[in-house]
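Undergrad: Shown below is the structure under consideration.
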Amino acid sequence: MSGLPPYAEWLGITLDRDADGAPVLVMPFGEVVLGRPGFLHGGAIAGLLDMAAAAALRHALAAEDGARIEPITVTVDYQRGGRDKPTRAAGTVTRLGRRVANVEAVAWQDDRAQPIASARVNYLLSRAGSA
Amino acid sequence: MTTFDPVRFLRFSAGGHNGRLGLAYRAQGPGWIELELPYDPRLAGDDNGAPAPGAIFTLMDMTTSMSVWAHRGRFALQVTLDLRVDHVRRPVAGEAVIGRGECYAIAGQVAFVRGTAYQLSLDDPVAHVAATFMLMERGA
């Protein structure tokens with residue numbers, strides 16, 4: 001099972017893993033993610049970043065049964081236009097607290113060090129046993 | 001004074017992400033414009049069927065973008081610099097989400113916008129957004 005929501009499937013997103021087993025989401029270019037001619041829609045990039053951040057957090061919480069996550073604030077910065085090629089995205093959990101988690105995510109095409117967009121997502125956590 | 005025609009714009013962009021989401025023009029007033037994201041279970045973000053944050057993000061990106069064009073009286077190339085969404089509450093599955101966007105200032109080549117996503121009442125928001133756009137041409 002991929003663990004990705006229906007919206008990911010609708011966008012054509014698939015789940016890959018990096019060398020350490022951390023989730024990397026891959027979104028193909030196509031009409032469903034098209035903005036102005038030849039470029040990815042900023043909203044599709046945001047959706048990819050949002051799901052990459054959530055996948056990273058679920059990965060970090062994998063040992064806990066029943067932990068629920070709820071995104072509270074999502075901020076996306078756009079750095080480059082997304083072109084006609086696949087886009088990859090991955091998240092990094094910068095802090096995992098009892099009630100709040102902070103996650104950063106980047107989306108890139110050719111080079112992970114040159115992202116097309118990045119996001120910061122703050123989550124509220126509901127963990128089993130903490131009601 | 002020219003005017004920006006949101007219905008014509010949406011028809012023009014019907015082939016891409018906006019059209020696939022089914023974004024539709026709803027209303028406009030002084031300084032604001034509204035679009036509607038129809039309910040579609042394929043856009044669910046989790047098991048309860050409510051639309052994914054990403055779909056709401058696109059709705060608000062477009063409605064705030066269009067508020068800039070309405071403010072300027074015409075379409076012109078612009079790119080999103082940043083957009084923040086505060087998810088006030090989880091949307092209800094089965095109901096459309098309406099986005100209202102407002103361009104409240106243009107300073108130099110930057111347009112400042114804010115917006116609200118709601119379902120049945122503007123007083124019961126699903127999300128609030130703040131964003132900036134870079135205007136890609138001079139002589140605005």
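Ordering of the structure tokens sets the chain letters (A, B, ...), residue numbers begin anew at 1 in every chain, and ligands are numbered from 1 in the order given.
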Can you work out which residues from chain B touch chain A at a cut-off of 6 Å (counting only C-alpha atoms) and hand them back as number ranges by chain?

TA: B: 16-17, 42-46, 54, 57-58, 81-87

Undergrad: Identify all residues of chain B in helix (DSSP H, G or I) (DSSP on the backbone) and supply them as an MDAnalysis selection string.

TA: chainID B and resid 6:12 17:21 41:43 53:72

Undergrad: Under the rule that only C-alpha atoms are counted, which of B:Ala105, B:Ala52, B:Ala24, B:Val88 is the nearest residue to Ala54 (chain A)?

TA: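 Closest candidate: B:Ala52.
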
Undergrad: Do you know which residues are at most 10 Å from Leu61 (chain A) counting only C-alpha atoms, after dropping those on the same chain fewer than 6 positions away, and could you put them as a list in words?

TA: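 The residues satisfying every condition are Ala55, Ala67, Arg68, Ile69, Leu96 and Arg127 of chain A.
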
Undergrad: Using only C-alpha atoms for the distances, tell me which of A:Gly97, A:Gly66, A:Gly82, A:Gly38 is nearest to Gln114 (chain A).

TA: A:Gly82

Undergrad: Going by DSSP on the backbone, which bits of region 20-73 of chain A are strand (DSSP E or B)? Write them as a ChimeraX atom specification, please.

TA: /A:23-27,34,40,68-73

Undergrad: How many Å separate CA of Glu102 (chain B) from CA of Arg11 (chain B)?

TA: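 One can read the CA of Glu102 (chain B) to CA of Arg11 (chain B) distance as 21.3 Å.
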
Undergrad: If you measure from CA of Phe39 (chain A) to CA of Ala127 (chain B), what distance in Å do you get, rounded to one decimal?

TA: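 So the answer is 26.5 Å.
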
Undergrad: Please, what distance in Å, to one decimal, runs between CA of Ala52 (chain A) and CA of Glu64 (chain A)?

TA: 19.2 Å

Undergrad: Compile the contact shell of Pro23 (chain A) as a ChimeraX atom specification: residues with an atom at most 12 Å away, counting only C-alpha atoms, same-chain residues fewer than 3 positions apart removed.

TA: /A:2-4,14-20,26,51-60,62,88-92,105
